[in-house]
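Colleague: This structure is in structure tokens; I'll ask about it shortly.
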Amino acid sequence: GQSLEQPSEVTAVEGAIVQINCTYQTSGFYGLSWYQQHDGGAPTFLSYNALDGLEETGRFSSFLSRSDSYGYLLLQELQMKDSASYFCAVSGNSGYSTLTFGKGTMLLVSP
Amino acid sequence: NAGVTQTPKFRVLKTGQSMTLLCAQDMNHEYMYWYRQDPGMGLRLIHYSVGEGTTAKGEVPDGYNVSRLKKQNFLLGLESAAPSQTSVYFCASSSPRDNYNEQFFGPGTRLTVL
């Protein structure tokens with residue numbers, strides 16, 4: 001079977017740091033991606049990790065531990081515009097070119 | 001450069017009716033995908049294509065058919081719509097020449113089946 005687990009909701013205040021975790025159990029694995037989706041909008045790509053370690057892109061960082069089947073997205077210096085849903089996605093679970101998405105984490109940033 | 005476009009943006013169908021959703025991309029991407037998104041369910045892959053003339057089933061293919069006659073277009077068909085197909089449908093594309101995990105999504109089609 002396959003499963004990706006992430007918290008359904010996370011709340012934080014502006015300027016804070018928040019970490020969104022993702023654990024996965026899949027039949028195949030090439031890498032872990034993160035996507036952001038604002039309410040009513042389309043998902044947009046944030047980051048991809050194929051190897052263990054931390055990838056940094058501006059205020060956002062993503063981490064992967066293949067041995068623990070675990071990754072996280074770290075958002076720093078939170079802004080109101082970061083309020084959105086965040087999805088982790090695994091590639092390689094059902095075909096080389098496809099992604100299997102988690103159910104998403106809704107991040108609410110308050111003033 | 002329009003990216004990924006979807007037609008229509010909204011549609012209401014009656015049970016048993018048929019329709020086709022059109023996805024077009026102008027990025028010369030080889031891979032194209034159709035997803036559905038339901039509240040609390042994330043994105044689920046319906047069908048995908050790795051090249052012109054090829055299609056494959058995803059996680060939830062039942063009740064849908066697809067065609068990729070041209071590289072830039074990917075059509076999703078519902079032959080006999082059911083209320084369970086009420087959802088938001090997203091098309092996406094990516095390229096193996098870049099990072100294929102970076103999928104570019106269209107704005108979505110909100111479909112209601114009565």
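Identifiers for the structure tokens are assigned positionally: chains receive A, B, ... in sequence, residues are indexed from 1 per chain, and ligands are indexed from 1 in the order shown.
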What's around Met27 (chain B) at 10 Å? Count only C-alpha atoms, leave out sequence neighbours fewer than 5 positions away in its own chain, and write the answer as a short mmCIF file (atom, residue, chain, number, x, y, z; two decimals) with N, CA, C and O atoms, in the first residue's frame.
Modeller:
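Result file is around-v6.cif:
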```cif
data_model
loop_
_atom_site.label_atom_id
_atom_site.label_comp_id
_atom_site.auth_asym_id
_atom_site.auth_seq_id
_atom_site.Cartn_x
_atom_site.Cartn_y
_atom_site.Cartn_z
N ASN B 1 3.57 33.64 -23.09
CA ASN B 1 3.67 32.27 -22.55
C ASN B 1 2.55 32.04 -21.54
O ASN B 1 2.62 32.51 -20.43
N ALA B 2 1.51 31.31 -21.96
CA ALA B 2 0.34 31.15 -21.11
C ALA B 2 0.52 30.05 -20.07
O ALA B 2 -0.23 29.98 -19.12
N GLY B 3 1.51 29.14 -20.26
CA GLY B 3 1.68 28.05 -19.32
C GLY B 3 0.68 26.94 -19.60
O GLY B 3 0.58 26.45 -20.72
N VAL B 4 -0.08 26.56 -18.58
CA VAL B 4 -1.09 25.52 -18.70
C VAL B 4 -2.47 26.17 -18.60
O VAL B 4 -2.74 26.88 -17.63
N GLN B 72 0.78 19.15 -27.17
CA GLN B 72 0.41 20.26 -26.31
C GLN B 72 -0.96 20.12 -25.67
O GLN B 72 -1.31 20.91 -24.80
N SER B 93 1.59 19.72 -16.22
CA SER B 93 2.58 19.23 -17.17
C SER B 93 3.97 19.36 -16.58
O SER B 93 4.20 20.15 -15.65
N SER B 94 4.89 18.55 -17.08
CA SER B 94 6.28 18.63 -16.65
C SER B 94 7.16 18.05 -17.73
O SER B 94 6.67 17.50 -18.72
N SER B 95 8.47 18.19 -17.54
CA SER B 95 9.40 17.72 -18.55
C SER B 95 10.51 16.88 -17.94
O SER B 95 11.07 17.27 -16.91
N PHE B 104 3.68 21.86 -13.49
CA PHE B 104 3.03 23.15 -13.66
C PHE B 104 1.53 22.90 -13.83
O PHE B 104 1.13 22.16 -14.73
#
```
Colleague: With chain B as the partner and 9 Å as the cut-off, tabulate the residues of chain A that qualify, each row holding the nearest pair of atoms and their distance in Å to one decimal, using only C-alpha atoms, sorted by chain and rising number, as a tab-separated table.
Modeller:
```
residue	atom	partner	partner_atom	distance
A:Ser8	CA	B:Gly40	CA	8.5
A:Gly31	CA	B:Asn101	CA	8.5
A:Leu32	CA	B:Asn101	CA	8.6
A:Ser33	CA	B:Asn101	CA	6.9
A:Gly40	CA	B:Pro107	CA	8.8
A:Gly41	CA	B:Pro107	CA	6.5
A:Ala42	CA	B:Pro107	CA	5.3
A:Pro43	CA	B:Phe105	CA	6.3
A:Thr44	CA	B:Phe104	CA	6.9
A:Phe45	CA	B:Glu102	CA	5.8
A:Leu46	CA	B:Glu102	CA	8.3
A:Ser47	CA	B:Glu102	CA	8.0
A:Tyr48	CA	B:Asn101	CA	7.2
A:Phe87	CA	B:Gly42	CA	7.6
A:Ala89	CA	B:Asn101	CA	9.0
A:Val90	CA	B:Asn101	CA	8.9
A:Ser91	CA	B:Asn101	CA	7.2
A:Ser94	CA	B:Gly58	CA	7.9
A:Ser97	CA	B:Tyr100	CA	6.8
A:Thr98	CA	B:Asn101	CA	7.9
A:Leu99	CA	B:Asn101	CA	7.3
A:Thr100	CA	B:Arg44	CA	7.3
A:Phe101	CA	B:Leu43	CA	5.9
A:Gly102	CA	B:Gly42	CA	6.0
A:Lys103	CA	B:Gly42	CA	4.0
A:Gly104	CA	B:Gly42	CA	5.9
```
Colleague: Could you check the closest approach to Arg36 (chain B) for each of B:Met19, B:Val113, B:Phe74, B:Val60 and tell me which residue wins, using only C-alpha atoms?
Modeller: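 With only C-alpha atoms as the atom set, the closest residue is B:Val60.
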Colleague: Using only C-alpha atoms, which residue out of B:Ala82, B:Val66, B:Leu76, B:Ile46 lies closest to Gly16 (chain B)?
Modeller: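 Closest residue, counting only C-alpha atoms: B:Ala82.
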Colleague: Just checking: using only C-alpha atoms, which residue out of B:Ser80, B:Asn73, B:Ser67, B:Thr55 ends up closest to Gln17 (chain B)?
Modeller: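 Of the candidates, the smallest distance to Gln17 (chain B) is held by B:Ser80.
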Colleague: List the spatial neighbours of Ser65 (chain A) as a list in words - criterion: any atom at most 9 Å away, only C-alpha atoms, same-chain residues fewer than 2 positions off excluded.
Modeller: Leu51, Asp52, Gly53, Phe63, Ser67, Asp68, Ser69, Tyr70 and Gly71 of chain A
Colleague: Could those selected residues go to a file with C-alpha atoms, as a PDB file, in the first residue's frame?
Modeller:
```
ATOM      1  CA  LEU A  51      18.958  12.940  -1.452  1.00  0.00           C
ATOM      2  CA  ASP A  52      19.148  13.148   2.317  1.00  0.00           C
ATOM      3  CA  GLY A  53      19.689  16.596   3.724  1.00  0.00           C
ATOM      4  CA  PHE A  63      14.595  18.237   4.468  1.00  0.00           C
ATOM      5  CA  SER A  67      16.210   5.968   6.035  1.00  0.00           C
ATOM      6  CA  ASP A  68      13.395   7.350   8.213  1.00  0.00           C
ATOM      7  CA  SER A  69      10.929   7.814   5.317  1.00  0.00           C
ATOM      8  CA  TYR A  70      10.484  11.327   6.608  1.00  0.00           C
ATOM      9  CA  GLY A  71      10.735  14.857   5.384  1.00  0.00           C
TER      10      GLY A  71
END
```
Colleague: Could you go through region 13-68 of chain A and tell me which residues DSSP, when run on the backbone, assigns to strand (DSSP E or B), listing them as a PyMOL selection string?
Modeller: chain A and resi 13+18-25+31-37+44-49+53-57+60-65
Colleague: Separation of CA of Ser61 (chain A) and CA of Leu74 (chain A), in Å?
Modeller: 5.0 Å
Colleague: Could you jot down the CA of Glu52 (chain B) to CA of Tyr89 (chain B) separation for me, Å, one decimal place?
Modeller: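 Distance reported for this atom pair: 21.0 Å.
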